[in-house]
$ cat coords.csv   # CSV, C-alpha atoms
chain,number,residue,atom,x,y,z
A,85,MET,CA,-20.0,-31.9,28.7
A,86,SER,CA,-19.5,-28.1,28.4
A,87,TRP,CA,-18.6,-26.1,25.3
A,88,TYR,CA,-15.1,-25.8,26.6
A,89,GLU,CA,-14.4,-29.5,26.0
A,90,GLU,CA,-16.6,-30.0,23.0
A,91,GLY,CA,-15.7,-26.9,21.0
A,92,LYS,CA,-12.2,-28.0,20.1
A,93,LYS,CA,-13.4,-30.3,17.3
A,94,ASN,CA,-12.1,-29.0,14.0
A,95,LEU,CA,-14.8,-27.1,12.1
A,96,PHE,CA,-12.8,-26.5,8.9
A,97,GLU,CA,-12.0,-28.8,6.0
A,98,VAL,CA,-9.6,-28.4,3.1
A,99,PRO,CA,-9.8,-29.8,-0.5
A,100,GLU,CA,-8.3,-33.3,-0.9
A,101,GLY,CA,-4.5,-33.3,-1.2
A,102,TYR,CA,-4.3,-29.6,-0.3
A,103,PHE,CA,-1.4,-29.9,2.2
A,104,ASP,CA,0.5,-32.3,-0.1
A,105,GLU,CA,0.5,-29.7,-2.8
A,106,LEU,CA,0.9,-26.5,-0.7
A,107,PRO,CA,4.7,-26.6,-0.4
A,108,GLN,CA,5.1,-26.7,-4.3
A,109,ARG,CA,2.5,-23.9,-4.7
A,110,ILE,CA,4.4,-21.8,-2.2
A,111,GLN,CA,7.7,-22.5,-4.1
A,112,ARG,CA,6.0,-21.5,-7.4
A,113,ARG,CA,4.8,-18.2,-5.8
A,114,ILE,CA,8.3,-17.5,-4.5
A,115,GLU,CA,9.8,-18.1,-8.0
A,116,ALA,CA,7.1,-15.9,-9.6
A,117,LYS,CA,7.9,-13.1,-7.2
A,118,LYS,CA,11.7,-13.5,-7.9
A,119,LYS,CA,11.1,-13.1,-11.6
A,120,GLY,CA,8.9,-10.1,-10.9
A,121,ARG,CA,6.5,-8.5,-13.2
A,122,PRO,CA,7.6,-6.5,-16.3
A,123,TRP,CA,8.7,-2.9,-15.5
A,124,TYR,CA,5.6,-1.4,-17.1
A,125,ALA,CA,3.3,-3.6,-15.0
A,126,ARG,CA,5.2,-2.6,-11.8
A,127,LEU,CA,5.1,1.1,-12.8
A,128,GLN,CA,1.4,0.8,-13.5
A,129,GLY,CA,0.9,-0.8,-10.1
A,130,VAL,CA,2.7,2.1,-8.4
A,131,LEU,CA,0.9,4.8,-10.4
A,132,MET,CA,-2.5,3.3,-9.6
A,133,GLN,CA,-2.0,3.8,-5.9
A,134,PRO,CA,-4.2,6.8,-4.8
A,135,ARG,CA,-1.3,8.7,-3.2
A,136,TRP,CA,0.8,8.6,-6.4
A,137,ALA,CA,-2.1,9.0,-8.8
A,138,VAL,CA,-2.8,12.5,-7.5
A,139,SER,CA,0.8,13.6,-7.8
A,140,VAL,CA,1.1,12.1,-11.3
A,141,SER,CA,-2.1,13.8,-12.4
A,142,VAL,CA,-0.8,17.2,-11.2
A,143,ALA,CA,2.6,16.6,-12.9
A,144,VAL,CA,0.9,15.7,-16.2
A,145,LEU,CA,-1.4,18.8,-16.0
A,146,ALA,CA,1.6,21.0,-15.2
A,147,ALA,CA,3.5,19.6,-18.2
A,148,LEU,CA,0.5,20.1,-20.5
A,149,VAL,CA,0.1,23.8,-19.4
A,150,PHE,CA,3.9,24.4,-19.9
A,151,TRP,CA,3.8,22.7,-23.3
A,152,PHE,CA,0.9,24.6,-24.7
A,153,SER,CA,1.6,28.0,-23.2
A,154,PRO,CA,3.1,30.6,-25.5
A,155,ASN,CA,6.8,30.3,-25.3
A,156,SER,CA,7.8,33.6,-26.7
A,157,THR,CA,8.1,36.7,-24.5
A,158,LYS,CA,6.4,39.9,-25.4
A,159,HIS,CA,9.6,41.5,-26.6
A,160,GLU,CA,10.2,38.6,-28.9
A,161,ARG,CA,6.7,38.7,-30.2
A,162,MET,CA,7.0,42.4,-30.8
A,163,ILE,CA,10.3,42.0,-32.7
A,164,GLN,CA,8.8,39.2,-34.8
A,165,ASN,CA,6.4,41.7,-36.3
A,166,ILE,CA,9.2,44.0,-37.4
A,167,ASP,CA,10.9,43.5,-40.8
A,168,ASP,CA,14.5,42.3,-40.4
A,169,GLN,CA,15.8,45.1,-42.7
A,170,ILE,CA,14.2,47.8,-40.6
A,171,LEU,CA,15.6,46.3,-37.5
A,172,ILE,CA,19.1,46.3,-39.0
A,173,GLU,CA,18.7,49.9,-40.0
A,174,TYR,CA,17.4,50.8,-36.6
A,175,LEU,CA,20.3,49.2,-34.8
A,176,SER,CA,22.7,51.1,-37.1
A,177,HIS,CA,20.8,54.3,-36.1
A,178,GLU,CA,19.5,54.9,-39.6
A,179,VAL,CA,15.8,54.9,-38.6
A,180,PRO,CA,14.1,56.6,-35.7
A,181,SER,CA,12.3,54.5,-33.1
A,182,SER,CA,8.9,55.9,-34.2
A,183,ARG,CA,9.5,54.0,-37.5
A,184,LEU,CA,9.9,50.8,-35.6
A,185,ILE,CA,6.7,51.4,-33.6
A,186,GLU,CA,4.8,51.8,-36.9
A,187,GLU,CA,5.9,48.4,-37.9
A,188,VAL,CA,4.0,46.7,-35.1
A,189,PRO,CA,0.2,46.3,-35.8
A,190,GLU,CA,-2.0,48.5,-33.5
A,191,ASP,CA,-3.9,45.6,-31.8
A,192,GLU,CA,-0.7,43.7,-31.1
A,193,TRP,CA,0.8,46.9,-29.7
A,194,GLU,CA,-2.1,47.5,-27.3
A,195,GLU,CA,-2.0,44.0,-26.2
A,196,ILE,CA,1.7,44.3,-25.4
A,197,MET,CA,1.3,47.6,-23.6
A,198,GLY,CA,-1.5,46.1,-21.6
A,199,GLU,CA,0.6,43.1,-20.5
A,200,LEU,CA,3.5,45.5,-19.5
A,201,GLU,CA,1.2,47.5,-17.3
A,202,ILE,CA,-0.3,44.5,-15.6
A,203,GLU,CA,3.1,43.0,-15.1
A,204,GLN,CA,4.4,46.2,-13.5
A,205,GLU,CA,1.4,46.5,-11.2
A,206,THR,CA,2.0,42.9,-10.1
A,207,TRP,CA,5.6,43.6,-9.4
A,208,LYS,CA,4.7,46.7,-7.3
A,209,TYR,CA,2.2,44.8,-5.1
A,210,ASP,CA,4.4,41.7,-4.8
A,211,GLY,CA,7.1,44.0,-3.5
A,212,GLN,CA,9.5,42.6,-6.1
A,213,LEU,CA,10.1,46.0,-7.7
A,214,PRO,CA,11.0,48.8,-5.4
A,215,ALA,CA,8.5,51.7,-5.6
A,216,GLU,CA,11.2,54.2,-7.0
A,217,GLU,CA,11.9,51.8,-9.9
A,218,HIS,CA,8.3,51.6,-10.9
A,219,LYS,CA,7.9,54.0,-13.7
A,220,PRO,CA,5.0,54.2,-16.2
A,221,THR,CA,5.9,52.6,-19.5
A,222,THR,CA,6.7,55.0,-22.2
A,223,TYR,CA,7.7,54.7,-25.8
A,224,ASP,CA,11.2,55.8,-24.7
A,225,SER,CA,11.5,52.9,-22.3
A,226,ILE,CA,10.5,50.5,-25.0
A,227,GLU,CA,13.1,52.1,-27.3
A,228,SER,CA,15.8,51.7,-24.7
A,229,SER,CA,15.0,48.1,-24.0
A,230,THR,CA,14.9,47.4,-27.8
A,231,ARG,CA,18.2,49.1,-28.3
A,232,GLN,CA,19.7,46.7,-25.7
A,233,LEU,CA,18.8,43.9,-28.0
B,40,MET,CA,13.3,-32.5,12.5
B,41,GLU,CA,14.3,-29.8,15.1
B,42,ASP,CA,14.1,-26.2,14.1
B,43,LYS,CA,17.9,-25.8,14.6
B,44,GLU,CA,18.5,-28.5,12.0
B,45,LEU,CA,16.0,-26.9,9.6
B,46,LEU,CA,17.7,-23.5,10.0
B,47,ALA,CA,21.1,-25.0,9.4
B,48,LEU,CA,19.9,-26.5,6.1
B,49,ILE,CA,18.3,-23.2,5.1
B,50,LYS,CA,21.5,-21.3,5.8
B,51,LYS,CA,23.5,-23.4,3.3
B,52,GLU,CA,23.0,-22.4,-0.3
B,53,GLU,CA,23.0,-26.0,-1.6
B,54,SER,CA,20.3,-27.1,0.8
B,55,ARG,CA,18.4,-23.9,1.2
B,56,GLN,CA,15.4,-24.9,-0.9
B,57,TYR,CA,15.2,-28.4,0.6
B,58,GLY,CA,15.3,-27.0,4.1
B,59,PHE,CA,12.6,-24.5,3.4
B,60,GLN,CA,10.3,-27.2,1.9
B,61,LEU,CA,10.8,-29.2,5.2
B,62,LEU,CA,9.9,-26.0,7.2
B,63,VAL,CA,6.7,-25.5,5.2
B,64,ARG,CA,5.7,-29.2,5.7
B,65,LYS,CA,6.3,-28.9,9.4
B,66,TYR,CA,4.3,-25.7,10.0
B,67,GLN,CA,1.8,-25.5,7.2
B,68,LYS,CA,-1.2,-27.0,9.0
B,69,GLN,CA,-0.8,-24.9,12.1
B,70,VAL,CA,-0.3,-21.7,10.2
B,71,TYR,CA,-3.3,-22.5,7.8
B,72,HIS,CA,-5.7,-23.2,10.7
B,73,HIS,CA,-4.5,-20.2,12.7
B,74,ILE,CA,-5.3,-18.0,9.7
B,75,ARG,CA,-8.5,-19.9,8.7
B,76,ARG,CA,-10.1,-19.4,12.2
B,77,MET,CA,-9.7,-15.7,11.6
B,78,VAL,CA,-10.8,-15.4,8.0
B,79,ILE,CA,-13.1,-18.4,7.8
B,80,SER,CA,-12.9,-18.7,4.0
B,81,HIS,CA,-10.6,-21.4,2.6
B,82,GLU,CA,-9.6,-19.3,-0.4
B,83,ASP,CA,-8.5,-16.4,1.8
B,84,ALA,CA,-6.7,-18.7,4.2
B,85,ASP,CA,-4.9,-20.4,1.3
B,86,ASP,CA,-3.7,-17.1,-0.1
B,87,LEU,CA,-2.6,-15.8,3.3
B,88,THR,CA,-0.8,-19.0,4.2
B,89,GLN,CA,1.1,-18.8,0.9
B,90,GLU,CA,1.9,-15.2,1.5
B,91,THR,CA,3.1,-15.9,5.0
B,92,PHE,CA,5.6,-18.5,3.8
B,93,VAL,CA,6.8,-16.3,1.0
B,94,LYS,CA,7.6,-13.6,3.7
B,95,VAL,CA,9.3,-16.3,5.8
B,96,TRP,CA,11.5,-17.2,2.8
B,97,GLN,CA,12.3,-13.6,2.1
B,98,ASN,CA,13.1,-12.7,5.8
B,99,ILE,CA,14.6,-16.0,7.1
B,100,ASP,CA,18.1,-14.4,7.2
B,101,LYS,CA,16.8,-11.8,9.6
B,102,PHE,CA,15.4,-14.4,12.0
B,103,ARG,CA,17.2,-14.2,15.4
B,104,GLU,CA,17.8,-17.7,16.7
B,105,ASP,CA,17.2,-16.8,20.3
B,106,ALA,CA,13.5,-16.6,19.5
B,107,LYS,CA,11.3,-19.6,18.7
B,108,LEU,CA,10.9,-20.2,15.0
B,109,TYR,CA,7.2,-21.1,15.2
B,110,THR,CA,6.3,-18.0,17.2
B,111,TRP,CA,8.1,-15.9,14.6
B,112,ILE,CA,6.2,-17.6,11.8
B,113,TYR,CA,2.9,-17.1,13.8
B,114,ARG,CA,3.8,-13.4,14.1
B,115,ILE,CA,4.1,-13.1,10.4
B,116,ALA,CA,0.9,-15.0,9.8
B,117,THR,CA,-1.0,-12.9,12.4
B,118,ASN,CA,0.3,-9.6,10.8
B,119,GLU,CA,-0.7,-10.8,7.3
B,120,THR,CA,-4.2,-11.8,8.6
B,121,LEU,CA,-4.8,-8.6,10.5
B,122,ARG,CA,-3.7,-6.5,7.5
B,123,PHE,CA,-6.1,-8.5,5.3
B,124,LEU,CA,-9.1,-8.0,7.6
B,125,ASP,CA,-8.3,-4.3,7.9
B,126,LYS,CA,-8.2,-4.0,4.1
B,127,LYS,CA,-11.5,-5.8,3.9
B,128,LYS,CA,-13.1,-3.3,6.2
B,129,ARG,CA,-11.6,-0.2,4.6
B,130,ARG,CA,-12.2,-0.8,0.9
B,131,TRP,CA,-12.3,2.5,-0.9
B,132,GLY,CA,-15.5,3.6,-2.5
B,133,LEU,CA,-17.6,0.9,-1.0
B,134,PRO,CA,-20.2,1.2,1.8
B,135,LEU,CA,-18.9,0.1,5.2
B,136,VAL,CA,-19.6,-3.6,5.6
B,137,ASN,CA,-19.7,-5.6,8.8
B,138,VAL,CA,-17.0,-8.1,8.1
B,139,GLU,CA,-17.8,-10.2,11.2
B,140,GLU,CA,-21.4,-10.5,10.2
B,141,GLN,CA,-20.3,-11.7,6.7
B,142,LEU,CA,-17.9,-14.2,8.3
B,143,GLU,CA,-20.7,-15.5,10.6
B,144,LYS,CA,-22.8,-16.3,7.5
B,145,LEU,CA,-19.9,-18.0,6.0
B,146,VAL,CA,-19.6,-20.3,9.1
B,147,ASP,CA,-23.2,-21.4,8.4
B,148,ASN,CA,-23.1,-21.7,4.6
B,149,GLY,CA,-19.5,-21.6,3.4
B,150,PRO,CA,-17.7,-24.4,1.5
B,151,TYR,CA,-15.2,-26.7,3.3
B,152,ILE,CA,-16.9,-26.2,6.7
B,153,SER,CA,-18.3,-29.1,8.6
B,154,GLY,CA,-18.5,-29.8,12.4
B,155,ASP,CA,-21.2,-30.0,14.9
B,156,GLU,CA,-23.5,-27.3,16.2
B,157,ILE,CA,-21.5,-26.4,19.2
B,158,SER,CA,-18.3,-25.9,17.1
B,159,ARG,CA,-20.2,-23.6,14.8
B,160,LYS,CA,-21.7,-21.6,17.7
B,161,LEU,CA,-18.3,-21.3,19.3
B,162,GLN,CA,-16.7,-20.0,16.1
B,163,LYS,CA,-19.5,-17.4,15.7
B,164,ALA,CA,-19.1,-16.4,19.3
B,165,MET,CA,-15.4,-15.9,18.7
B,166,LEU,CA,-16.1,-13.7,15.7
B,167,ARG,CA,-18.0,-11.3,18.0
B,168,LEU,CA,-14.8,-10.8,20.1
B,169,PRO,CA,-12.4,-7.9,19.3
B,170,GLU,CA,-9.6,-9.2,16.9
B,171,LYS,CA,-6.8,-9.2,19.4
B,172,GLN,CA,-8.9,-11.0,22.1
B,173,ARG,CA,-10.0,-13.5,19.5
B,174,LEU,CA,-6.3,-14.2,18.6
B,175,VAL,CA,-5.4,-14.7,22.3
B,176,PHE,CA,-8.3,-17.0,22.8
B,177,GLN,CA,-7.7,-19.2,19.7
B,178,MET,CA,-3.9,-19.5,20.3
B,179,LYS,CA,-4.5,-20.5,24.0
B,180,TYR,CA,-7.6,-22.7,23.4
B,181,PHE,CA,-7.0,-24.4,20.1
B,182,ASP,CA,-3.2,-24.3,19.8
B,183,ASP,CA,-2.4,-24.8,23.5
B,184,MET,CA,0.2,-22.1,23.4
B,185,LYS,CA,1.8,-20.8,26.6
B,186,TYR,CA,1.2,-17.2,27.5
B,187,ASP,CA,4.9,-16.3,27.1
B,188,GLU,CA,4.7,-17.7,23.5
B,189,ILE,CA,1.6,-15.8,22.7
B,190,ALA,CA,3.3,-12.7,24.2
B,191,GLU,CA,6.1,-13.2,21.6
B,192,VAL,CA,3.6,-13.4,18.8
B,193,LEU,CA,1.5,-10.4,19.8
B,194,GLY,CA,4.2,-8.3,21.4
B,195,THR,CA,2.4,-7.8,24.7
B,196,THR,CA,2.8,-8.8,28.4
B,197,VAL,CA,1.7,-12.1,29.9
B,198,GLY,CA,-0.5,-10.1,32.4
B,199,ASN,CA,-2.5,-8.5,29.5
B,200,LEU,CA,-2.9,-11.8,27.8
B,201,LYS,CA,-4.3,-13.5,30.9
B,202,ALA,CA,-6.8,-10.7,31.3
B,203,ALA,CA,-7.7,-10.9,27.6
B,204,TYR,CA,-8.2,-14.6,27.8
B,205,HIS,CA,-10.4,-14.4,30.9
B,206,TRP,CA,-12.6,-11.8,29.2
B,207,ALA,CA,-12.8,-13.7,26.0
B,208,VAL,CA,-14.0,-16.8,27.8
B,209,LYS,CA,-16.6,-14.8,29.7
B,210,LYS,CA,-17.9,-13.1,26.5
B,211,ILE,CA,-18.1,-16.5,24.7
B,212,GLU,CA,-20.1,-18.0,27.5
B,213,ALA,CA,-22.5,-15.1,27.5
B,214,SER,CA,-22.8,-15.3,23.7
B,215,LEU,CA,-23.5,-19.1,23.8
B,216,LYS,CA,-26.2,-18.6,26.4
B,217,GLU,CA,-27.8,-15.9,24.2
B,218,ASP,CA,-27.9,-18.3,21.3
$ encode --input "coords.csv" --output "structure tokens"
Amino acid sequence: MSWYEEGKKNLFEVPEGYFDELPQRIQRRIEAKKKGRPWYARLQGVLMQPRWAVSVSVAVLAALVFWFSPNSTKHERMIQNIDDQILIEYLSHEVPSSRLIEEVPEDEWEEIMGELEIEQETWKYDGQLPAEEHKPTTYDSIESSTRQL
Amino acid sequence: MEDKELLALIKKEESRQYGFQLLVRKYQKQVYHHIRRMVISHEDADDLTQETFVKVWQNIDKFREDAKLYTWIYRIATNETLRFLDKKKRRWGLPLVNVEEQLEKLVDNGPYISGDEISRKLQKAMLRLPEKQRLVFQMKYFDDMKYDEIAEVLGTTVGNLKAAYHWAVKKIEASLKED
């Protein structure tokens, strides 16, 4: 007898009563899937998939950078250093701008000026600021922008 | 019970669950053995058989009655099994493993496996075939399915299946001679 006739004998066994219980076990699995897992378990399952894990990590990192970055602009920081009374007097033209400048500590002032220069350089090379509008920062330009406040 | 009667029971809300239980009882052995010959392990075959019938339950409303019910169920079982084997081969972060070699070892030493020497040798020779060829061979040889039925399961032509079966038999013969 060749393998073709002999080989059809069943090689595989199952535990006793397996096929009697299988329909109920399938029904239980269907019920379990209907109820579903709690929302946090399903969310965890989705987030643990590699394609989502990378996106979520990037989003979390971006949120952390945004949260911990300084949220005040340089103008706001500059004004925070100036006494409210002097600002009121300045706005009512009772004090010259030089008096205002004196109120800002020197190291803070240099830092602000440095940031302004870097920013303008970046604008120039990004092409966001037309060349004719790019002027070196002077105390007068600070004064005019402060007056607008 | 005829498939048409089963489907009529499943369509009615009040007899849906009962009809489905009858469907499972009718096809569970065929489906289990179809899967078991591919994955060898009882635990994996058990899990995949359950998953197949869960999918049948979830999609039974989409079943077109011009097709045969058991070829549709076989198709679901085949897809589940191929996906499982593919996952086993592509586990992230683990060195590449030869799944077929592991399965051959399981044929020799695994639980819930009996049978004579020739059946074991045949099963091991089948494991050396490409997956699709193995599926064609086992559906024709063990399940006595017609080529047009196998074509419905695998979504291919009868001509391709006849060629695949011919080559599968040749390879198995050569493999058995080597052993």
$ interface_residues --input "coords.csv" --of "chain B" --to "chain A" --cutoff "8 Å" --atoms "only C-alpha atoms" --output "list in words"
Gln60, Val63, Arg64, Gln67, Lys68, Arg75, His81, Gln89, Glu90, Phe92, Val93, Trp96, Tyr151, Ile152, Ser153, Gly154, Asp155, Ile157, Ser158, Arg159, Leu161, Tyr180 and Phe181 of chain B
$ residues_around --input "coords.csv" --residues "B:Val192" --least-positions-apart "5" --cutoff "7 Å" --atoms "all atoms listed in the file" --output "PyMOL selection string"
chain B and resi 110-111+113-114
$ residues_around --input "coords.csv" --residues "B:Lys144" --least-positions-apart "6" --cutoff "12 Å" --atoms "only C-alpha atoms" --output "list in words"
Ile79, Ser80, Asn137, Val138, Pro150, Ile152, Arg159, Lys160, Gln162, Lys163 and Leu166 of chain B
$ atom_distance --input "coords.csv" --atom1 "atom CA of A:Gly101" --atom2 "atom CA of B:Lys179"
28.3 Å
$ atom_distance --input "coords.csv" --atom1 "atom CA of B:Gln177" --atom2 "atom CA of B:Arg129"
24.6 Å
$ atom_distance --input "coords.csv" --atom1 "atom CA of B:Glu143" --atom2 "atom CA of B:Met77"
11.0 Å
$ closest_residue --input "coords.csv" --among "B:Val175, B:Leu124, B:Ile115, B:Leu193" --to "B:Glu139" --atoms "all atoms listed in the file"
B:Leu124
$ residues_around --input "coords.csv" --residues "B:Leu108" --least-positions-apart "3" --cutoff "12 Å" --atoms "only C-alpha atoms" --output "list of chain:residue names"
B:Glu41, B:Asp42, B:Lys43, B:Glu44, B:Leu45, B:Leu46, B:Leu62, B:Val63, B:Lys65, B:Tyr66, B:Val95, B:Ile99, B:Lys101, B:Phe102, B:Arg103, B:Glu104, B:Asp105, B:Trp111, B:Ile112, B:Tyr113, B:Arg114, B:Ile115, B:Glu188, B:Glu191, B:Val192
